[in-house]
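Trainee: So that we are looking at the same thing, I have put the structure below in structure tokens.
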Amino acid sequence: MKQFANFIRTSIMLCSLGLIAACAGMVGKQDVAISMASLQANLDKRFPINNRVLDMFDIRLASPRLSTNPAENRLQAQFDAMISPPFTSKTWRGNLTLSGGLRVDSQKNAIFLHNARVEDFSVDGADPAYKRQFAKISSLLLDRFLQDIPLYTFSPEQTRVMGVDFSLAKISAQQDALVVSFEPTN
């Protein structure tokens, strides 16, 4: 009778270990789609931003509008821009369009732009002599502020499934979403 009880316990333990191993095998790479609407809502919370650049221009960027370029795996953002030199009451309005590749930061559980570039910076009614200064301003804005803004940050709860921790592995731009691949951490 004692041998039979040991046999049952051993069988139950082996079956349990088999189930645990099977479940662990089911938790592999995970893909999560982040809709453009969700990204847009997240970015809208961070704007407008105001800054003085080169001690010559007060810049206000507002109303970001996002789109994707799946062929190049890039995200594009267009902003309404207001530029005001502090020494005059004149204000110029225009649009700043930039694009950037997508990168994941697994330490911060966040998505950022990388290799960002200014696609266009048009200012209505500005003297053409200022065009070069506006180009410099847009590059400074991009380098100082926009590259460090996370597009999306995952909470710790979003990176844990069935007791398994995941890290961000890669990202791809689709027509209406960004698809983030997660892999189990060791």
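Ligands are numbered from 1 in the order shown, residues from 1 within each chain, and chains are lettered A, B, ... in the order they appear in the structure tokens.
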Just list as a list of chain:residue names whatever in range 62-151 of chain A DSSP marks as alpha helix (DSSP H).
Mentor: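 Taking range 62-151 of chain A and keeping alpha helix (DSSP H) only, one gets A:Lys131, A:Arg132, A:Gln133, A:Phe134, A:Ala135, A:Lys136, A:Ile137, A:Ser138, A:Ser139, A:Leu140, A:Leu141, A:Leu142, A:Asp143, A:Arg144.
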Trainee: DSSP on the backbone: which residues in range 108-145 of chain A end up as strand (DSSP E)? Give the answer as a PyMOL selection string.
Mentor: chain A and resi 110-124
Trainee: Selected residues, N, CA, C and O atoms, written as a PDB file, in the first residue's frame, please.
Mentor:
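The result, stored in result17.pdb:
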ATOM      1  N   ALA A 110      10.112  51.428 -23.067  1.00  0.00           N
ATOM      2  CA  ALA A 110       9.534  52.540 -23.814  1.00  0.00           C
ATOM      3  C   ALA A 110       9.957  52.498 -25.282  1.00  0.00           C
ATOM      4  O   ALA A 110      10.936  51.853 -25.650  1.00  0.00           O
ATOM      5  N   ILE A 111       9.170  53.218 -26.084  1.00  0.00           N
ATOM      6  CA  ILE A 111       9.437  53.375 -27.511  1.00  0.00           C
ATOM      7  C   ILE A 111       9.878  54.824 -27.741  1.00  0.00           C
ATOM      8  O   ILE A 111       9.232  55.755 -27.253  1.00  0.00           O
ATOM      9  N   PHE A 112      10.978  54.990 -28.480  1.00  0.00           N
ATOM     10  CA  PHE A 112      11.518  56.309 -28.790  1.00  0.00           C
ATOM     11  C   PHE A 112      11.766  56.427 -30.296  1.00  0.00           C
ATOM     12  O   PHE A 112      11.850  55.428 -30.998  1.00  0.00           O
ATOM     13  N   LEU A 113      11.933  57.670 -30.743  1.00  0.00           N
ATOM     14  CA  LEU A 113      12.408  57.919 -32.101  1.00  0.00           C
ATOM     15  C   LEU A 113      13.928  57.860 -32.109  1.00  0.00           C
ATOM     16  O   LEU A 113      14.573  58.216 -31.135  1.00  0.00           O
ATOM     17  N   HIS A 114      14.495  57.413 -33.218  1.00  0.00           N
ATOM     18  CA  HIS A 114      15.945  57.522 -33.402  1.00  0.00           C
ATOM     19  C   HIS A 114      16.195  57.893 -34.858  1.00  0.00           C
ATOM     20  O   HIS A 114      15.338  57.734 -35.722  1.00  0.00           O
ATOM     21  N   ASN A 115      17.361  58.412 -35.113  1.00  0.00           N
ATOM     22  CA  ASN A 115      17.696  58.907 -36.450  1.00  0.00           C
ATOM     23  C   ASN A 115      16.602  59.838 -36.978  1.00  0.00           C
ATOM     24  O   ASN A 115      16.200  59.763 -38.134  1.00  0.00           O
ATOM     25  N   ALA A 116      16.140  60.695 -36.090  1.00  0.00           N
ATOM     26  CA  ALA A 116      15.078  61.630 -36.475  1.00  0.00           C
ATOM     27  C   ALA A 116      15.645  62.717 -37.373  1.00  0.00           C
ATOM     28  O   ALA A 116      16.821  63.082 -37.272  1.00  0.00           O
ATOM     29  N   ARG A 117      14.791  63.195 -38.241  1.00  0.00           N
ATOM     30  CA  ARG A 117      15.200  64.266 -39.135  1.00  0.00           C
ATOM     31  C   ARG A 117      14.017  65.197 -39.391  1.00  0.00           C
ATOM     32  O   ARG A 117      12.861  64.778 -39.354  1.00  0.00           O
ATOM     33  N   VAL A 118      14.348  66.438 -39.655  1.00  0.00           N
ATOM     34  CA  VAL A 118      13.332  67.425 -39.994  1.00  0.00           C
ATOM     35  C   VAL A 118      13.017  67.254 -41.473  1.00  0.00           C
ATOM     36  O   VAL A 118      13.914  67.325 -42.320  1.00  0.00           O
ATOM     37  N   GLU A 119      11.765  66.993 -41.770  1.00  0.00           N
ATOM     38  CA  GLU A 119      11.339  66.837 -43.155  1.00  0.00           C
ATOM     39  C   GLU A 119      10.967  68.184 -43.769  1.00  0.00           C
ATOM     40  O   GLU A 119      11.208  68.420 -44.945  1.00  0.00           O
ATOM     41  N   ASP A 120      10.358  69.056 -42.952  1.00  0.00           N
ATOM     42  CA  ASP A 120       9.930  70.359 -43.450  1.00  0.00           C
ATOM     43  C   ASP A 120       9.695  71.285 -42.266  1.00  0.00           C
ATOM     44  O   ASP A 120       9.215  70.859 -41.218  1.00  0.00           O
ATOM     45  N   PHE A 121      10.060  72.543 -42.432  1.00  0.00           N
ATOM     46  CA  PHE A 121       9.734  73.568 -41.456  1.00  0.00           C
ATOM     47  C   PHE A 121       9.338  74.801 -42.248  1.00  0.00           C
ATOM     48  O   PHE A 121      10.186  75.549 -42.718  1.00  0.00           O
ATOM     49  N   SER A 122       8.061  74.971 -42.427  1.00  0.00           N
ATOM     50  CA  SER A 122       7.572  76.102 -43.202  1.00  0.00           C
ATOM     51  C   SER A 122       6.953  77.118 -42.252  1.00  0.00           C
ATOM     52  O   SER A 122       6.253  76.761 -41.315  1.00  0.00           O
ATOM     53  N   VAL A 123       7.272  78.392 -42.506  1.00  0.00           N
ATOM     54  CA  VAL A 123       6.793  79.478 -41.666  1.00  0.00           C
ATOM     55  C   VAL A 123       6.086  80.483 -42.573  1.00  0.00           C
ATOM     56  O   VAL A 123       6.701  81.020 -43.509  1.00  0.00           O
ATOM     57  N   ASP A 124       4.802  80.707 -42.298  1.00  0.00           N
ATOM     58  CA  ASP A 124       4.001  81.621 -43.112  1.00  0.00           C
ATOM     59  C   ASP A 124       4.461  83.062 -42.919  1.00  0.00           C
ATOM     60  O   ASP A 124       4.621  83.526 -41.800  1.00  0.00           O
TER      61      ASP A 124
END
Trainee: My list of candidates is A:Leu66, A:Phe134, A:Met56, A:Gly101. Which is closest to Ser38 in chain A when distances are computed with only C-alpha atoms?
Mentor: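 Distance minimum relative to Ser38 in chain A lands on A:Leu66.
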Trainee: Could you work out how far CA of Pro85 in chain A lies from CA of Phe57 in chain A, giving the answer in Å with one decimal?
Mentor: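 So the answer is 4.5 Å.
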Trainee: Quick one: residues within 10 Å of Arg52 in chain A, only C-alpha atoms, excluding same-chain residues fewer than 2 positions away - as an MDAnalysis selection string?
Mentor: chainID A and resid 50 54:60 83:86 137 141
Trainee: Generate a file of the selected residues that holds C-alpha atoms, formatted as a tab-separated table (two decimals), in the first residue's frame.
Mentor:
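See out.tsv below for the written result:
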chain	number	residue	atom	x	y	z
A	50	ASN	CA	7.31	76.06	-25.16
A	54	LEU	CA	19.36	80.41	-29.27
A	55	ASP	CA	18.17	83.14	-26.87
A	56	MET	CA	16.49	84.60	-29.93
A	57	PHE	CA	13.23	82.78	-30.52
A	58	ASP	CA	10.38	81.62	-28.35
A	59	ILE	CA	9.00	78.46	-29.95
A	60	ARG	CA	5.69	76.79	-29.24
A	83	ILE	CA	7.81	81.50	-33.43
A	84	SER	CA	8.21	84.80	-31.61
A	85	PRO	CA	11.41	86.79	-31.36
A	86	PRO	CA	11.52	88.36	-27.87
A	137	ILE	CA	16.05	76.11	-34.78
A	141	LEU	CA	14.47	71.46	-31.12
Trainee: Got a sec: who's within 6 Å of Ala81 in chain A, counting only C-alpha atoms, leaving out chain neighbours fewer than 2 positions off, as a PyMOL selection string?
Mentor: chain A and resi 60-61+93-95
Trainee: Near Glu72 in chain A, within 10 Å and counting only C-alpha atoms, which residues show up once chain neighbours fewer than 6 positions away are dropped, as a JSON list (two decimals) with N, CA, C and O atoms, in the first residue's frame?
Mentor:
[["chain", "number", "residue", "atom", "x", "y", "z"],
["A", 100, "GLY", "N", 11.08, 59.89, -37.77],
["A", 100, "GLY", "CA", 12.13, 59.17, -37.06],
["A", 100, "GLY", "C", 11.94, 57.68, -37.15],
["A", 100, "GLY", "O", 10.81, 57.19, -37.26],
["A", 101, "GLY", "N", 13.05, 56.98, -37.12],
["A", 101, "GLY", "CA", 12.99, 55.53, -37.00],
["A", 101, "GLY", "C", 12.50, 55.19, -35.61],
["A", 101, "GLY", "O", 12.46, 56.04, -34.72],
["A", 102, "LEU", "N", 12.13, 53.96, -35.43],
["A", 102, "LEU", "CA", 11.59, 53.52, -34.14],
["A", 102, "LEU", "C", 12.61, 52.66, -33.42],
["A", 102, "LEU", "O", 13.26, 51.81, -34.04],
["A", 172, "SER", "N", 7.88, 47.41, -35.21],
["A", 172, "SER", "CA", 7.66, 47.67, -36.63],
["A", 172, "SER", "C", 6.43, 48.55, -36.80],
["A", 172, "SER", "O", 5.47, 48.45, -36.05],
["A", 173, "ALA", "N", 6.50, 49.41, -37.80],
["A", 173, "ALA", "CA", 5.39, 50.31, -38.10],
["A", 173, "ALA", "C", 4.46, 49.63, -39.10],
["A", 173, "ALA", "O", 4.91, 49.12, -40.13]]
Trainee: One number please: CA of Ala71 in chain A to CA of Ser181 in chain A, in Å, one decimal.
Mentor: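 We find that CA of Ala71 in chain A and CA of Ser181 in chain A lie 18.1 Å from each other.
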Trainee: Looking at A:Asp44, A:Asp148, A:Asp143, A:Asp31, which one is nearest to Ser167 in chain A, with distances taken over only C-alpha atoms?
Mentor: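 Of the candidates, the smallest distance to Ser167 in chain A is held by A:Asp31.
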Trainee: May I ask which of the residues A:Arg103, A:Arg46, A:Lys131, A:Lys90 is the closest one to Leu75 in chain A, counting only C-alpha atoms?
Mentor: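 The closest residue to Leu75 in chain A is A:Arg103.
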Trainee: Mind giving me the straight-line distance from CA of Thr185 in chain A to CA of Val164 in chain A in Å, one decimal?
Mentor: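 Computed distance, CA of Thr185 in chain A to CA of Val164 in chain A, equals 7.7 Å.
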Trainee: Looking at only C-alpha atoms, which of A:Val32, A:Leu98, A:Ala135, A:Ile149 is the one that sits closest to Lys45 in chain A?
Mentor: A:Ile149
Trainee: Which one of A:Pro70, A:Pro150, A:Pro64, A:Gly28 sits closest to Asp165 in chain A if you count only C-alpha atoms?
Mentor: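 Closest residue, counting only C-alpha atoms: A:Gly28.
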Trainee: Smallest atom-to-atom distance to Asn73 in chain A: which of A:Leu140, A:Ile49, A:Thr153, A:Ile171, using only C-alpha atoms?
Mentor: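 Going through A:Leu140, A:Ile49, A:Thr153, A:Ile171 one by one, the smallest distance to Asn73 in chain A is for A:Ile171.
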